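Next comes start27.cif, with mmCIF, C-alpha atoms.
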data_coords
loop_
_atom_site.label_atom_id
_atom_site.label_comp_id
_atom_site.auth_asym_id
_atom_site.auth_seq_id
_atom_site.Cartn_x
_atom_site.Cartn_y
_atom_site.Cartn_z
CA ILE A 1 0.00 0.00 0.00
CA VAL A 2 1.07 3.61 -0.59
CA VAL A 3 0.65 6.18 2.20
CA GLY A 4 1.86 9.64 1.26
CA GLU A 5 5.41 9.23 -0.05
CA ARG A 6 5.88 5.80 1.50
CA LEU A 7 5.25 2.30 0.23
CA PHE A 8 4.57 -0.40 2.85
CA VAL A 9 4.98 -4.09 2.02
CA VAL A 10 5.24 -7.39 3.89
CA SER A 11 7.99 -9.78 2.83
CA GLU A 12 9.47 -13.16 3.60
CA PRO A 13 10.58 -14.44 5.98
CA ALA A 14 8.68 -12.22 8.45
CA ASP A 15 9.38 -8.60 7.57
CA VAL A 16 7.49 -5.34 7.24
CA ILE A 17 9.32 -2.92 4.96
CA CYS A 18 8.89 0.82 4.40
CA ILE A 19 10.16 2.07 1.04
CA ASN A 20 10.53 5.58 -0.27
CA ALA A 21 8.02 5.74 -3.13
CA SER A 22 10.08 8.19 -5.16
CA ASP A 23 13.41 6.33 -5.31
CA GLY A 24 12.78 2.80 -3.95
CA LYS A 25 15.18 3.11 -1.03
CA VAL A 26 14.36 1.19 2.16
CA ILE A 27 13.54 3.62 4.98
CA TRP A 28 13.04 0.97 7.67
CA GLN A 29 12.54 -2.78 8.04
CA VAL A 30 10.99 -4.58 11.02
CA SER A 31 10.88 -8.33 11.71
CA LEU A 32 7.76 -10.02 13.12
CA SER A 33 8.96 -13.61 13.42
CA MET A 34 7.98 -16.04 16.15
CA SER A 35 11.20 -15.16 17.99
CA ASP A 36 10.40 -11.45 17.85
CA VAL A 37 6.93 -11.95 19.31
CA ILE A 38 7.29 -14.72 21.92
CA GLY A 39 11.04 -14.64 22.58
CA LYS A 40 14.03 -16.51 21.19
CA ALA A 41 14.19 -19.22 23.86
CA GLU A 42 10.52 -20.16 23.62
CA ALA A 43 10.57 -19.99 19.80
CA ALA A 44 13.63 -22.29 19.66
CA LYS A 45 11.89 -24.81 21.93
CA ILE A 46 8.74 -24.80 19.80
CA ASN A 47 10.70 -25.08 16.55
CA GLU A 48 12.68 -28.01 17.91
CA SER A 49 9.51 -29.89 18.86
CA TYR A 50 7.89 -29.07 15.52
CA GLN A 51 10.90 -30.20 13.49
CA GLU A 52 11.08 -33.47 15.43
CA LEU A 53 7.41 -34.19 14.80
CA THR A 54 7.75 -33.47 11.08
CA ARG A 55 10.85 -35.70 10.95
CA GLN A 56 8.96 -38.56 12.60
CA GLU A 57 6.01 -38.15 10.25
CA LYS A 58 8.31 -38.17 7.22
CA VAL A 59 10.00 -41.39 8.37
CA LEU A 60 6.65 -43.09 8.94
CA ARG A 61 5.33 -41.93 5.57
CA LYS A 62 8.39 -43.35 3.83
CA SER A 63 8.07 -46.66 5.70
CA PHE A 64 4.38 -46.87 4.80
CA LYS A 65 5.10 -46.48 1.08
CA GLN A 66 7.77 -49.20 1.19
CA LEU A 67 5.50 -51.84 2.72
CA GLU A 68 3.41 -54.25 0.69
CA GLU A 69 -0.36 -53.77 0.93
CA THR A 70 -0.67 -57.13 2.68
CA ASP A 71 1.91 -56.28 5.36
CA PRO A 72 0.23 -56.33 8.83
CA ASN A 73 2.40 -53.40 9.98
CA ARG A 74 0.98 -51.11 7.30
CA GLU A 75 -2.17 -50.15 9.24
CA LYS A 76 -0.21 -49.63 12.46
CA ILE A 77 2.20 -47.22 10.74
CA LYS A 78 -0.74 -45.41 9.11
CA GLN A 79 -2.32 -44.84 12.53
CA GLN A 80 0.98 -43.64 14.02
CA SER A 81 1.42 -41.21 11.15
CA ALA A 82 -2.13 -39.88 11.59
CA ALA A 83 -1.54 -39.34 15.30
CA ILE A 84 1.62 -37.34 14.63
CA LYS A 85 -0.16 -35.26 11.97
CA LEU A 86 -2.76 -34.31 14.59
CA LYS A 87 0.03 -33.13 16.91
CA ILE A 88 1.61 -31.14 14.05
CA ASN A 89 -1.72 -29.44 13.24
CA ALA A 90 -2.28 -28.69 16.93
CA MET A 91 1.11 -26.96 17.08
CA LYS A 92 0.31 -24.92 13.97
CA ALA A 93 -2.96 -23.80 15.57
CA SER A 94 -1.33 -22.88 18.88
CA TYR A 95 1.94 -21.25 17.80
CA PRO A 96 3.02 -18.86 15.00
CA ILE A 97 4.48 -21.57 12.78
CA GLY A 98 2.38 -21.03 9.66
CA ARG A 99 0.54 -23.53 7.53
CA GLY A 100 0.31 -24.84 4.00
CA SER A 101 1.88 -23.02 1.06
CA SER A 102 0.91 -19.59 2.39
CA THR A 103 3.64 -17.12 3.21
CA ASN A 104 3.91 -14.05 5.43
CA ALA A 105 3.59 -11.91 2.31
CA CYS A 106 0.01 -12.96 1.49
CA GLY A 107 -1.93 -10.39 3.53
CA THR A 108 -1.99 -6.73 2.46
CA PRO A 109 -1.03 -4.11 5.09
CA LEU A 110 -3.70 -1.68 6.30
CA CYS A 111 -3.27 1.93 7.41
CA ASP A 112 -5.58 4.35 9.24
CA GLY A 113 -3.32 7.32 8.52
CA GLU A 114 -1.41 7.03 11.79
CA ARG A 115 -0.89 3.30 12.34
CA LEU A 116 0.08 0.43 10.07
CA PHE A 117 -1.59 -2.95 10.68
CA VAL A 118 -0.25 -6.23 9.33
CA THR A 119 -1.60 -9.79 9.38
CA MET A 120 1.21 -12.30 8.94
CA GLY A 121 0.68 -15.80 7.56
CA THR A 122 1.88 -17.26 10.86
CA GLY A 123 -1.08 -15.82 12.77
CA ILE A 124 0.86 -12.84 14.12
CA VAL A 125 -0.97 -9.50 13.97
CA ALA A 126 0.80 -6.22 14.70
CA ALA A 127 0.35 -2.45 14.74
CA LEU A 128 3.26 -0.15 13.96
CA THR A 129 3.81 3.57 13.70
CA LEU A 130 4.56 4.87 10.22
CA ASP A 131 8.15 5.26 11.39
CA GLY A 132 8.46 1.55 12.14
CA LYS A 133 7.98 1.45 15.91
CA ILE A 134 5.98 -1.56 17.10
CA ILE A 135 2.92 -0.43 19.06
CA TRP A 136 1.79 -3.99 19.78
CA ASN A 137 2.15 -7.46 18.34
CA ARG A 138 0.52 -10.74 19.27
CA PHE A 139 -0.15 -14.24 18.00
CA VAL A 140 -3.90 -14.48 17.40
CA GLU A 141 -4.28 -18.08 16.23
CA GLY A 142 -3.19 -20.37 13.42
CA SER A 143 -4.97 -20.63 10.08
CA ARG A 144 -7.29 -23.58 9.45
CA LEU A 145 -7.21 -23.26 5.65
CA GLY A 146 -5.39 -25.93 3.68
CA PHE A 147 -3.22 -23.48 1.70
CA GLY A 148 -2.71 -21.20 4.70
CA HIS A 149 -3.70 -17.64 5.50
CA SER A 150 -4.08 -14.93 2.84
CA ASN A 151 -6.92 -12.54 3.73
CA SER A 152 -6.18 -9.04 5.02
CA GLY A 153 -7.45 -7.14 8.03
CA VAL A 154 -10.14 -4.46 7.75
CA LEU A 155 -11.11 -1.52 9.96
CA ALA A 156 -14.78 -1.27 10.93
CA ASP A 157 -16.55 0.65 13.70
CA GLY A 158 -13.23 1.49 15.33
CA LYS A 159 -12.14 -2.14 15.36
CA LEU A 160 -9.52 -4.16 13.51
CA ILE A 161 -11.26 -7.23 12.06
CA VAL A 162 -9.05 -10.24 11.31
CA GLN A 163 -9.68 -13.91 10.57
CA TYR A 164 -7.45 -16.95 10.74
CA LYS A 165 -9.96 -19.43 12.21
CA ASP A 166 -12.65 -17.35 13.95
CA LEU A 167 -13.66 -13.85 12.91
CA ILE A 168 -12.11 -11.61 15.58
CA ALA A 169 -12.36 -7.90 16.41
CA LEU A 170 -9.27 -6.36 18.01
CA ASP A 171 -8.75 -2.98 19.63
CA PRO A 172 -6.50 -1.14 17.10
CA ALA A 173 -4.75 0.72 19.95
CA THR A 174 -3.84 -2.29 22.10
CA GLY A 175 -4.53 -5.51 20.17
CA LYS A 176 -6.99 -6.62 22.86
CA GLU A 177 -9.74 -8.97 21.66
CA LEU A 178 -13.14 -7.24 21.69
CA TRP A 179 -15.34 -9.97 20.24
CA ARG A 180 -15.05 -13.31 18.51
CA SER A 181 -17.48 -15.00 16.13
CA GLN A 182 -17.44 -18.66 15.14
CA SER A 183 -20.42 -18.22 12.80
CA VAL A 184 -18.38 -17.86 9.57
CA ASN A 185 -15.56 -20.03 8.30
CA PRO A 186 -12.42 -18.30 7.00
CA ARG A 187 -11.87 -17.73 3.29
CA TYR A 188 -8.81 -16.72 1.31
CA ALA A 189 -10.63 -13.55 0.26
CA THR A 190 -10.96 -10.47 2.47
CA PRO A 191 -14.24 -9.12 3.93
CA VAL A 192 -15.45 -5.66 2.91
CA VAL A 193 -16.93 -2.94 5.10
CA THR A 194 -20.03 -0.84 4.42
CA GLU A 195 -22.94 0.92 6.14
CA ILE A 196 -26.53 -0.25 6.35
CA GLY A 197 -28.66 2.49 7.85
CA ASP A 198 -26.72 3.79 10.85
CA GLN A 199 -24.80 0.56 11.42
CA THR A 200 -21.38 -0.49 10.17
CA VAL A 201 -21.32 -4.02 8.81
CA VAL A 202 -18.73 -6.41 7.45
CA VAL A 203 -19.70 -8.40 4.34
CA HIS A 204 -17.87 -11.71 4.57
CA PRO A 205 -16.76 -13.55 1.39
CA SER A 206 -19.27 -16.26 2.34
CA GLY A 207 -22.04 -13.68 2.01
CA SER A 208 -22.75 -13.34 5.73
CA VAL A 209 -23.33 -9.75 6.84
CA ILE A 210 -21.87 -9.19 10.30
CA ARG A 211 -22.58 -6.25 12.59
CA ALA A 212 -19.20 -4.69 13.40
CA SER A 213 -20.19 -3.54 16.88
CA ASP A 214 -20.65 -7.03 18.32
CA GLY A 215 -20.01 -9.70 15.64
CA THR A 216 -23.66 -10.69 15.20
CA VAL A 217 -24.72 -12.07 11.81
CA VAL A 218 -27.60 -9.87 10.64
CA GLY A 219 -28.14 -11.00 7.05
CA ASN A 220 -26.77 -12.54 3.87
CA ALA A 221 -25.55 -10.68 0.80
CA LYS A 222 -25.99 -13.71 -1.47
CA VAL A 223 -22.41 -13.86 -2.62
CA ASN A 224 -20.16 -16.84 -2.01
CA SER A 225 -16.50 -16.61 -2.88
CA SER A 226 -13.38 -18.34 -1.64
CA GLU A 227 -10.55 -16.37 -3.25
CA SER A 228 -12.11 -13.26 -4.81
CA THR A 229 -12.77 -10.21 -2.61
CA SER A 230 -15.98 -8.29 -3.32
CA VAL A 231 -16.00 -4.59 -4.22
CA ILE A 232 -18.44 -1.92 -3.01
CA ASP A 233 -19.00 1.19 -5.11
CA GLY A 234 -21.87 3.66 -5.07
CA GLY A 235 -23.87 1.57 -2.62
CA ILE A 236 -23.63 -1.55 -4.80
CA LEU A 237 -21.72 -4.69 -3.90
CA PHE A 238 -20.09 -6.57 -6.77
CA GLY A 239 -19.06 -10.12 -5.97
CA HIS A 240 -18.62 -13.64 -7.25
CA SER A 241 -20.98 -16.45 -6.36
CA LYS A 242 -20.29 -19.96 -7.66
CA GLY A 243 -19.08 -18.93 -11.11
CA SER A 244 -21.30 -15.90 -11.67
CA VAL A 245 -20.84 -12.21 -10.91
CA ARG A 246 -23.58 -10.45 -8.97
CA ALA A 247 -24.38 -6.81 -8.24
CA LEU A 248 -26.42 -6.20 -5.10
CA ARG A 249 -27.73 -2.85 -3.94
CA ILE A 250 -26.79 -2.39 -0.29
#
Translate the structure described by the file into structure tokens.
Amino acid sequence: IVVGERLFVVSEPADVICINASDGKVIWQVSLSMSDVIGKAEAAKINESYQELTRQEKVLRKSFKQLEETDPNREKIKQQSAAIKLKINAMKASYPIGRGSSTNACGTPLCDGERLFVTMGTGIVAALTLDGKIIWNRFVEGSRLGFGHSNSGVLADGKLIVQYKDLIALDPATGKELWRSQSVNPRYATPVVTEIGDQTVVVHPSGSVIRASDGTVVGNAKVNSSESTSVIDGGILFGHSKGSVRALRI
């Protein structure tokens, strides 16, 4: 995104970068890795456990492929592998490890004119000043999508709305959780914000219309998209729904 004379991007492995828009020079660069957020010692411990689990699963998978279909050990190894996969997925949900083929560069930064908000693929969300000072950062939760996280945060009713598993409203000033909704499953696409009457609502890619003040589902916009974010212009929402494009007057 471009804010004034500055370009803000997120980049692998876990960086937020501010670039001078006129000449391309890097003004500042901040890391938001697991180590930066939860500490080096704890991150090293988690990484060690994660790497050991993935090593064990790889060995079991290789052994399974080498066995004949009639081998009695085949089912036992399959069950052991499945049990380790559950542990791996539990770690991905509980720690900022990341998931699938998604990267930290999938989500687009967001700016309110004074603060920069980023949603990393690992489940880390942060607010920074435009000069690169971290205001707050926290691990929210891991993504449940097969290819990993890609949607971006949005600002609605004075709240930062993000989604990895649940739809969550955070206080932009502190990162504190304000409400959480389990009524909509995450998508790769990003929700959009609009007004209905005197209320601010978030239109989810699934079509659900959610009241921004408390996370209550108040309607359905009759769009249903996984990857494609809807657009609102002139009081009309344009969005995909199962292969067709629809225009709905808000």
Margin query: Around the point (-26.6, -3.8, -3.1) (coordinates from the file), which residues reach within 10 Å if we count only C-alpha atoms? Answer as number ranges by chain.
Written below: A: 221, 232-238, 246-250
Discussion item. For this structure, which residues satisfy the selection - the PyMOL selection byres ((chain A and resi 157) around 12) - when it is evaluated on the file as given? I want them as a PyMOL selection string.
Written reply: chain A and resi 154-156+158-161+169-172+178+193-195+198-202+210-215
Sorted by chain and rising residue number, list the residues of segment 20-56 of chain A at most 10 Å from segment 71-89 of chain A (counting only C-alpha atoms), each with its closest atom pair and distance in Å to one decimal, as a Markdown table.
| residue | atom | partner | partner_atom | distance |
| --- | --- | --- | --- | --- |
| A:Ser49 | CA | A:Ile88 | CA | 9.3 |
| A:Tyr50 | CA | A:Ile88 | CA | 6.8 |
| A:Gln51 | CA | A:Ile88 | CA | 9.4 |
| A:Glu52 | CA | A:Ile88 | CA | 9.8 |
| A:Leu53 | CA | A:Ile84 | CA | 6.6 |
| A:Thr54 | CA | A:Ile88 | CA | 7.2 |
| A:Gln56 | CA | A:Ile84 | CA | 7.7 |
Expressed in Å, the length from atom CA of Ile134 of chain A to atom CA of Ile17 of chain A is 12.7 Å
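Between atom CA of Ser244 of chain A and atom CA of Ala105 of chain A there is a distance of 28.8 Å.
Distances from A:Arg6, A:Lys242, A:Lys133, A:Lys92 to Asp23 of chain A were compared using only C-alpha atoms, and the smallest one belongs to A:Arg6.
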Atom pair atom CA of Ala189 of chain A + atom CA of Ser228 of chain A, distance 5.3 Å
Can you give me, as a PDB file with C-alpha atoms, in the frame of the given file, the residues this file yields under the PyMOL selection byres ((chain A and resi 5) around 12)?
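Output contents, as saved in result20.pdb:
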ATOM      1  CA  ILE A   1       0.000   0.000   0.000  1.00  0.00           C
ATOM      2  CA  VAL A   2       1.070   3.610  -0.590  1.00  0.00           C
ATOM      3  CA  VAL A   3       0.650   6.180   2.200  1.00  0.00           C
ATOM      4  CA  GLY A   4       1.860   9.640   1.260  1.00  0.00           C
ATOM      5  CA  ARG A   6       5.880   5.800   1.500  1.00  0.00           C
ATOM      6  CA  LEU A   7       5.250   2.300   0.230  1.00  0.00           C
ATOM      7  CA  PHE A   8       4.570  -0.400   2.850  1.00  0.00           C
ATOM      8  CA  CYS A  18       8.890   0.820   4.400  1.00  0.00           C
ATOM      9  CA  ILE A  19      10.160   2.070   1.040  1.00  0.00           C
ATOM     10  CA  ASN A  20      10.530   5.580  -0.270  1.00  0.00           C
ATOM     11  CA  ALA A  21       8.020   5.740  -3.130  1.00  0.00           C
ATOM     12  CA  SER A  22      10.080   8.190  -5.160  1.00  0.00           C
ATOM     13  CA  ASP A  23      13.410   6.330  -5.310  1.00  0.00           C
ATOM     14  CA  GLY A  24      12.780   2.800  -3.950  1.00  0.00           C
ATOM     15  CA  LYS A  25      15.180   3.110  -1.030  1.00  0.00           C
ATOM     16  CA  ILE A  27      13.540   3.620   4.980  1.00  0.00           C
ATOM     17  CA  LEU A 130       4.560   4.870  10.220  1.00  0.00           C
TER      18      LEU A 130
END
Val10 of chain A proximity check over A:Gln66, A:Ser35, A:Ser94, A:Ser152, using only C-alpha atoms: winner is A:Ser152
